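Reading through the structure tokens given below for one structure.
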Amino acid sequence: MNARAHPYETDSIGWRMRHAGALLGNSASRSMRVLAIALALIFGGLGWLALATIDKPERLSVALFLSGLAVAALWGLWFSRLLLLHIEAHQSRMPGVGMAIAGTVSLAFIATVLLPSLLLASGGVNPGVAVCAMTLAAGVGVLTATLPRIAYMALCLAPLGVGLLHGLFVRVVPAGAVTLPALQMQHVVWLVGPVLALAGWRWFAIVRRPPADTTSVWWQPALVANPRTGGGFDWLSGDASSAQLPDWMWPAGQTAGAGPDRPVRAMRALMGTPFAPLSGAQIVVQLGIGALVVAYLLMNTTGENANPGTLVGGAIGGIAVMVVMYAQRLEAMYSKPGGELDELALLPGLGEVPERRATLLSAVTRAPAIAMVLMLVVLVGLGLMTGVAPRMMGLMVMAGVGVALTTALACLRPVAGLRMNGWRMLVLAGPMLLLAMGTILYAAMAKGIGATPLVLALAWVLAYGLLGTAISSAWRRLHARPHPLLVG
Amino acid sequence: MNTVAQTAVPAHPVAAPPLDLSRLGMDPPIAVTGIDKRYDGQTVLAGASLQLEPGAVLGLIGRNGAGKSTLIRVLLGLVEPDAGEARIWGRPALALDDGAKARLGYVPQQPEALPWLKVGDMLDFVGRFYPSWDAGFVAATLARWNLPSNKVLAKLSPGERQRVAIIRALAPRPELLVLDEPAAALDPVARRELLREIAQRAGESGTSVLFSTHIVSDLERAASHVAFMHEGRVVLQTELDTLKERHRRLRVPASAASQLVGRVPGEVARRTLPDGALSLVVVRDEDAAWPALVTAPGVHADVLSLEDLFVEVAE
């Protein structure tokens with residue numbers, strides 16, 4: 001066939017570029033594209049800044065690392081989404097689209113590897129190393145997006161595991177007995193091949209999966225499990241994905257002993273994790289995980305290499321979990337029609353409106369209250385073991401109470417028909433959590449000399465007033481509702 | 001300009017007058033009056049009224065976004081309306097007691113509750129709250145519909161999830177059954193089976209049923225009454241069997257249309273045709289006479305199928 005018979009010159013570079021642009025433009029949402037570009041510009045800019053301003057030889061590795069982050073952001077957040085189009089094309093038997101995607105990936109790869117490599121080379125980085133590092137970054141970006149969702153969970157727990165192993169290592173192995181080789185820029189060259197091969201294998205394996213794959217969402221690639229965001233924390237909302245989590249990680253709770261004669265327990269069972277009553281085995285597993293965390297904190301806050309910063313990190317982690325986990329679940333429950341709230345509202349045997357309201361409040365309060373008390377006990381215990389002064393301990397407790405009140409407000413707002421994720425809550429809870437972190441950091445690291453402790457204590461008294469007012473307002477609104485199980 | 005063309009669709013076309021059960025000492029299973037509801041500044045319900053008579057199977061039909069689900073959620077007391085009142089057996093829907101809840105079954109449009117529980121555990125748990133829970137029906141229906149009782153709900157397909165929700169709603173032997181698009185995720189066989197079950201429950205046990213749908217054939221198969229919803233209002237509520245004899249679509253020629261000012265008795269839909277003529281749908285009450293316009297010279301009257309009637313009302 002005569003190629004000129006076609007209305008468009010489909011073999012031209014211009015046509016291919018337009019095609020690639022259209023595919024890339026449609027592969028991700030506008031917000032995701034903006035985020036990817038913004039991160040790439042920020043990391044790339046910082047890399048360039050490092051190259052231009054730092055005097056030491058480390059500037060090259062710093063610039064290389066930051067530029068790598070920029071490229072990984074582009075591939076992880078944006079370009080990897082071409083995979084979703086590729087899956088569609090494969091399932092729709094459209095090999096032409098598949099080939100166009102391959103062309104687009106190649107063009108994007110060349111652009112994102114060569115351009116930064118040239119810039120880095122002009123700044124003094126070995127060109128070969130620069131190309132390898134950017135290639136590695138692109139591969140890591142694709143791998144990040146195509147990893148199973150469970151891998152993200154493992155990554156969240158990795159600091160705990162690494163910390164525990166490091167603590168054990170330091171205690172068991174004599175100092176200086178083992179010397180690890182220092183990482184050098186040239187080491188990236190060894191990683192390029194395996195990472196690229198792994199990324200390519202993941203890509204094509206995902207494309208060729210059967211459409212009706214019934215694998216648990218946690219074993220599905222992050223991109224496929226949640227095409228909109230590629231990950232996120234929606235699993236905290238008690239949706240289908242959290243229901244498919246391993247029981248040791250996200251215990252589903254159990255209904256034994258829950259019924260109309262034990263309404264609080266019944267309501268907790270209906271509210272699900274993290275409010276649900278746990279079986280004996282589930283409690284043992286959760287306490288075991290808690291014991292590991294305490295061991296980690298103990299290892300890092302006592303002994304010769306004690307680091308109070310670990311205590312702060314642990315407290316901050318606990319705070320974030322406290323506020324987000326419970327409130328997020330309630331927020332999701334109160335905004336989802338056809339869910340547990342409908343069930344709670346229409347189930348007989350839970351009493352009239354005042355009784356039902358009291359039962360609900362008991363069910364909501366129980367789990368966060370226990371967690372809060374445990375967290376305070378651990379915090380105070382570790383503080384005592386590390387020799388924190390009593391007045392500093394008092395500040396820690398004040399921060400803990402502030403966190404408890406913030407959690408109470410965050411949980412009460414959805415129940416009262418107010419948004420938990422809105423700007424009002426952000427304006428109040430954001431500064432509270434920053435104040436709590438600052439207070440714990442100060443109490444753990446500083447000596448407590450001068451007026452700072454008093455200023456912090458006064459700040460907390462003011463914070464209690466603000467939180468108390470907000471809680472009281474939400475409380476009144478809750479009691480003004482016809483019943484407490486209304487959506488929105 | 002044609003004056004008729006400027007005449008808007010009447011704000012509140014007359015629905016069939018509801019039976020006044022309170023005079024007989026009975027409260028209707030569902031009585032909804034003048035419900036308004038807005039979400040984020042958008043009107044979803046605008047003065048919606050509805051009544052369900054005991055033992056009736058009322059099909060609530062309307063296009064997507066007509067407000068069916070919101071109306072159902074309001075009448076069950078799951079959403080607080082901005083105005084109006086919803087009652088179930090005479091009690092405010094927002095203050096139902098345990099006795100009323102035990103007599104009520106509800107299937108939401110997308111059942112998503114308790115995804116972390118196994119099918120059997122969920123049904124066993126929920127059953128503890130109902131005095132007349134029919135465990136035999138649960139076991140038999142799970143087996144008949146090939147639903148695994150040891151599978152976590154989150155791992156079921158949408159159709160399986162909907163069938164579990166239907167079993168959960170039917171097992172307490174409810175006197176009032178409310179189903180929001182229950183057949184949406186079902187295959188034709190399961191859909192037919194569900195409709196048969198609904199009709200059987202109403203016929204044998206006197207269960208009152210309200211179900212929403214946008215599938216006209218479902219309505220014809222199971223409903224005794226029909227309510228058309230359009231833009232947040234119930235524009236027509238009537239008995240289904242006699243509807244064919246009691247409605248007409250009238251084509252009023254352009255010359256006569258200009259003389260037609262105001263609403264015609266029983267009018268439920270009106271639109272101007274491209275040639276300036278007027279298309280009207282009128283529904284008369286059981287014992288009432290046709291409006292004079294039906295027999296006026298030049299006016300053409302025809303009978304519509306239920307689907308065409310729905311399209312006329314919803315367009």
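Naming scheme: A, B, ... for chains in displayed order of the structure tokens; residues 1 onward per chain; ligands 1 onward as shown.
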
Could you list, as a list in words, every residue within 8 Å of Gly59 of chain B, counting only C-alpha atoms and ignoring same-chain residues fewer than 4 positions away? Leu210, Phe211, Ser212, Thr213, Leu219, Ala223, Ser224, His225, Val226 and Ala227 of chain B

Distance filter 6 Å, only C-alpha atoms, chain A against chain B, as a ChimeraX atom specification: /A:240,243,252,260,338-340,346,348-349,486

Go ahead and dump the residues you just picked, C-alpha atoms, as an mmCIF file, in the first residue's frame.
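Output saved as out.cif:
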```
data_model
loop_
_atom_site.group_PDB
_atom_site.id
_atom_site.type_symbol
_atom_site.label_atom_id
_atom_site.label_comp_id
_atom_site.auth_asym_id
_atom_site.auth_seq_id
_atom_site.Cartn_x
_atom_site.Cartn_y
_atom_site.Cartn_z
ATOM 1 C CA ALA A 240 -12.809 -4.045 51.150
ATOM 2 C CA ALA A 243 -10.912 -6.560 55.055
ATOM 3 C CA ALA A 252 -10.920 -8.104 61.651
ATOM 4 C CA PRO A 260 -28.538 -7.284 71.972
ATOM 5 C CA GLY A 338 -25.071 1.264 52.351
ATOM 6 C CA GLY A 339 -22.401 0.566 54.950
ATOM 7 C CA GLU A 340 -22.182 -0.198 58.635
ATOM 8 C CA LEU A 346 -31.804 -0.066 61.504
ATOM 9 C CA PRO A 348 -33.245 -3.599 66.509
ATOM 10 C CA GLY A 349 -32.211 -4.367 70.059
ATOM 11 C CA LEU A 486 -27.298 9.633 60.447
#
```

All alpha helix (DSSP H) positions in segment 56-241 of chain A, as a PyMOL selection string: chain A and resi 58-77+82-91+95-122+127-146+149-172+187-207+222-225+240-241

Taking only C-alpha atoms into account, name the residue in A:Val189, A:Leu344, A:Val71, A:Val173 that is nearest to Ile37 of chain A.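 Using only C-alpha atoms, the shortest distance to Ile37 of chain A belongs to A:Val71.
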
One number please: atom CA of Gly381 of chain A to atom CA of Ala429 of chain A, in Å, one decimal.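 Between atom CA of Gly381 of chain A and atom CA of Ala429 of chain A the gap is 26.2 Å.
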
May I have the residues within 12 Å of Ser106 of chain A as a ChimeraX atom specification, using only C-alpha atoms and disregarding those fewer than 6 positions away in the same chain? /A:16-17,20,79,82,99-100,112-114,135,138

Could you dump the residues just selected with C-alpha atoms as a tab-separated table (two decimals), in the first residue's frame?
```tsv
chain	number	residue	atom	x	y	z
A	16	ARG	CA	5.21	10.15	17.13
A	17	MET	CA	5.89	13.04	19.51
A	20	ALA	CA	3.46	10.25	22.92
A	79	PHE	CA	4.91	7.65	33.39
A	82	LEU	CA	1.05	4.12	30.96
A	99	MET	CA	3.30	-0.50	20.35
A	100	ALA	CA	2.55	3.21	20.65
A	112	THR	CA	14.41	11.65	31.43
A	113	VAL	CA	17.74	9.82	31.42
A	114	LEU	CA	19.75	11.74	28.86
A	135	THR	CA	18.37	4.74	34.44
A	138	ALA	CA	13.56	5.40	36.26
```

Quick one: distance from atom CA of Ile42 of chain A to atom CA of Val125 of chain A in Å, one decimal?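 Straight-line distance from atom CA of Ile42 of chain A to atom CA of Val125 of chain A works out to 19.9 Å.
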
For Pro29 of chain B, find every residue with an atom within 7 Å (counting only C-alpha atoms), except residues of its own chain fewer than 5 positions away, and show them as a compact mmCIF listing (two decimals) with C-alpha atoms, in the first residue's frame.
```txt
# COMPACT_ATOMS: atom_id res chain seq x y z
CA LEU B 52 -47.31 2.77 50.68
CA GLU B 53 -50.46 0.85 51.52
CA PRO B 54 -50.35 -2.36 53.59
CA ILE B 88 -43.19 4.39 59.19
CA TRP B 89 -46.32 2.82 60.68
CA LEU B 176 -42.11 -3.93 55.39
```

Non-local contacts of segment 362-366 of chain A (9 Å; only C-alpha atoms; under 2 positions in same chain excluded) as a PyMOL selection string: chain A and resi 263-268+271+275-276+326+330+357-360+368-371+408+411-412

Output file for the residues above (C-alpha atoms, as a PDB file, in the first residue's frame):
```pdb
ATOM      1  CA  PRO A 263     -24.941  -3.652  72.975  1.00  0.00           C
ATOM      2  CA  VAL A 264     -21.561  -1.930  73.363  1.00  0.00           C
ATOM      3  CA  ARG A 265     -19.740  -5.047  72.224  1.00  0.00           C
ATOM      4  CA  ALA A 266     -22.255  -5.483  69.397  1.00  0.00           C
ATOM      5  CA  MET A 267     -21.738  -1.921  68.249  1.00  0.00           C
ATOM      6  CA  ARG A 268     -17.963  -2.352  68.348  1.00  0.00           C
ATOM      7  CA  MET A 271     -17.868  -0.691  63.637  1.00  0.00           C
ATOM      8  CA  PHE A 275     -12.951  -0.498  67.337  1.00  0.00           C
ATOM      9  CA  ALA A 276     -13.879  -4.179  67.097  1.00  0.00           C
ATOM     10  CA  TYR A 326      -9.757   5.953  64.784  1.00  0.00           C
ATOM     11  CA  LEU A 330     -15.434   6.950  61.754  1.00  0.00           C
ATOM     12  CA  ARG A 357     -26.232   7.401  71.637  1.00  0.00           C
ATOM     13  CA  ALA A 358     -24.671   6.413  74.970  1.00  0.00           C
ATOM     14  CA  THR A 359     -23.836   2.951  73.642  1.00  0.00           C
ATOM     15  CA  LEU A 360     -22.240   4.441  70.547  1.00  0.00           C
ATOM     16  CA  PRO A 368      -8.770   4.846  71.699  1.00  0.00           C
ATOM     17  CA  ALA A 369      -8.879   5.261  75.490  1.00  0.00           C
ATOM     18  CA  ILE A 370      -7.064   1.958  76.055  1.00  0.00           C
ATOM     19  CA  ALA A 371      -4.529   2.801  73.342  1.00  0.00           C
ATOM     20  CA  ALA A 408     -11.598  12.796  71.115  1.00  0.00           C
ATOM     21  CA  CYS A 411     -13.702  11.049  66.676  1.00  0.00           C
ATOM     22  CA  LEU A 412     -16.580  13.176  67.896  1.00  0.00           C
TER      23      LEU A 412
END
```

For Gly167 of chain A, which residue among A:Ala295, A:Leu136, A:Leu341, A:Ala52 is the nearest when counting only C-alpha atoms? A:Ala295

Pick from A:Ala28, A:Ala332, A:Leu164, A:Ala111 nearest to Leu298 of chain A, counting only C-alpha atoms: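 Among the listed residues, the smallest separation from Leu298 of chain A belongs to A:Leu164.
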
Residues within 12 Å of Phe65 of chain A, please, as a compact mmCIF listing (two decimals) with N, CA and C atoms, in the first residue's frame. Count only C-alpha atoms; anything in the same chain fewer than 3 positions from it doesn't count.
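Saved file selection.txt follows:
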```txt
# COMPACT_ATOMS: atom_id res chain seq x y z
N PHE A 43 13.23 18.45 43.36
CA PHE A 43 14.43 17.62 43.57
C PHE A 43 15.52 17.98 42.56
N GLY A 44 15.11 18.18 41.33
CA GLY A 44 16.08 18.56 40.29
C GLY A 44 16.74 19.88 40.64
N LEU A 46 17.05 21.24 43.60
CA LEU A 46 17.94 21.07 44.76
C LEU A 46 19.26 20.42 44.33
N GLY A 47 19.16 19.47 43.39
CA GLY A 47 20.37 18.81 42.89
C GLY A 47 21.28 19.80 42.21
N TRP A 48 20.68 20.63 41.38
CA TRP A 48 21.46 21.65 40.68
C TRP A 48 22.10 22.62 41.68
N ALA A 50 22.87 21.96 44.75
CA ALA A 50 23.98 21.28 45.44
C ALA A 50 25.24 21.32 44.59
N LEU A 51 25.02 21.09 43.30
CA LEU A 51 26.16 21.08 42.38
C LEU A 51 26.82 22.46 42.30
N GLU A 58 31.51 15.66 48.07
CA GLU A 58 30.22 14.98 48.23
C GLU A 58 29.12 15.59 47.37
N ARG A 59 29.38 16.80 46.88
CA ARG A 59 28.34 17.50 46.11
C ARG A 59 27.89 16.64 44.91
N LEU A 60 28.81 15.87 44.36
CA LEU A 60 28.47 15.07 43.18
C LEU A 60 27.46 13.97 43.55
N SER A 61 27.73 13.28 44.66
CA SER A 61 26.79 12.21 45.05
C SER A 61 25.46 12.79 45.50
N VAL A 62 25.52 13.96 46.18
CA VAL A 62 24.27 14.59 46.61
C VAL A 62 23.44 14.97 45.38
N GLY A 68 18.25 11.78 40.86
CA GLY A 68 17.61 10.46 40.80
C GLY A 68 16.21 10.50 41.38
N LEU A 69 16.04 11.20 42.49
CA LEU A 69 14.69 11.33 43.09
C LEU A 69 13.74 12.02 42.12
N ALA A 70 14.26 13.05 41.42
CA ALA A 70 13.42 13.78 40.46
C ALA A 70 12.93 12.84 39.36
N VAL A 71 13.85 12.04 38.82
CA VAL A 71 13.48 11.11 37.74
C VAL A 71 12.54 10.03 38.27
N ALA A 72 12.83 9.53 39.48
CA ALA A 72 11.97 8.48 40.06
C ALA A 72 10.56 9.02 40.31
N PRO A 116 18.96 14.89 32.20
CA PRO A 116 19.64 15.12 33.48
C PRO A 116 21.08 14.62 33.48
N LEU A 120 24.21 16.74 34.60
CA LEU A 120 25.10 16.28 35.67
C LEU A 120 26.53 16.16 35.18
N VAL A 125 29.98 15.27 37.08
CA VAL A 125 29.71 13.86 37.37
C VAL A 125 30.17 13.02 36.19
N VAL A 129 28.38 7.13 34.94
CA VAL A 129 27.70 6.96 36.24
C VAL A 129 26.36 7.71 36.23
N ALA A 130 26.37 8.90 35.63
CA ALA A 130 25.13 9.70 35.59
C ALA A 130 24.04 8.96 34.81
N CYS A 132 23.83 5.75 34.28
CA CYS A 132 23.41 4.57 35.06
C CYS A 132 22.49 4.97 36.20
N ALA A 133 22.83 6.06 36.90
CA ALA A 133 22.03 6.49 38.06
C ALA A 133 20.62 6.90 37.62
N MET A 134 20.52 7.64 36.51
CA MET A 134 19.19 8.08 36.06
C MET A 134 18.37 6.89 35.54
N LEU A 136 18.70 3.87 36.65
CA LEU A 136 18.31 3.18 37.88
C LEU A 136 17.10 3.86 38.51
N ALA A 137 17.12 5.20 38.52
CA ALA A 137 16.02 5.95 39.13
C ALA A 137 14.71 5.69 38.38
N GLN A 184 29.63 3.79 47.44
CA GLN A 184 30.23 4.76 46.53
C GLN A 184 29.33 4.92 45.30
N MET A 185 29.56 6.04 44.60
CA MET A 185 28.73 6.34 43.43
C MET A 185 28.76 5.21 42.41
N VAL A 188 26.15 2.15 41.90
CA VAL A 188 24.86 2.20 41.20
C VAL A 188 24.94 1.41 39.88
```
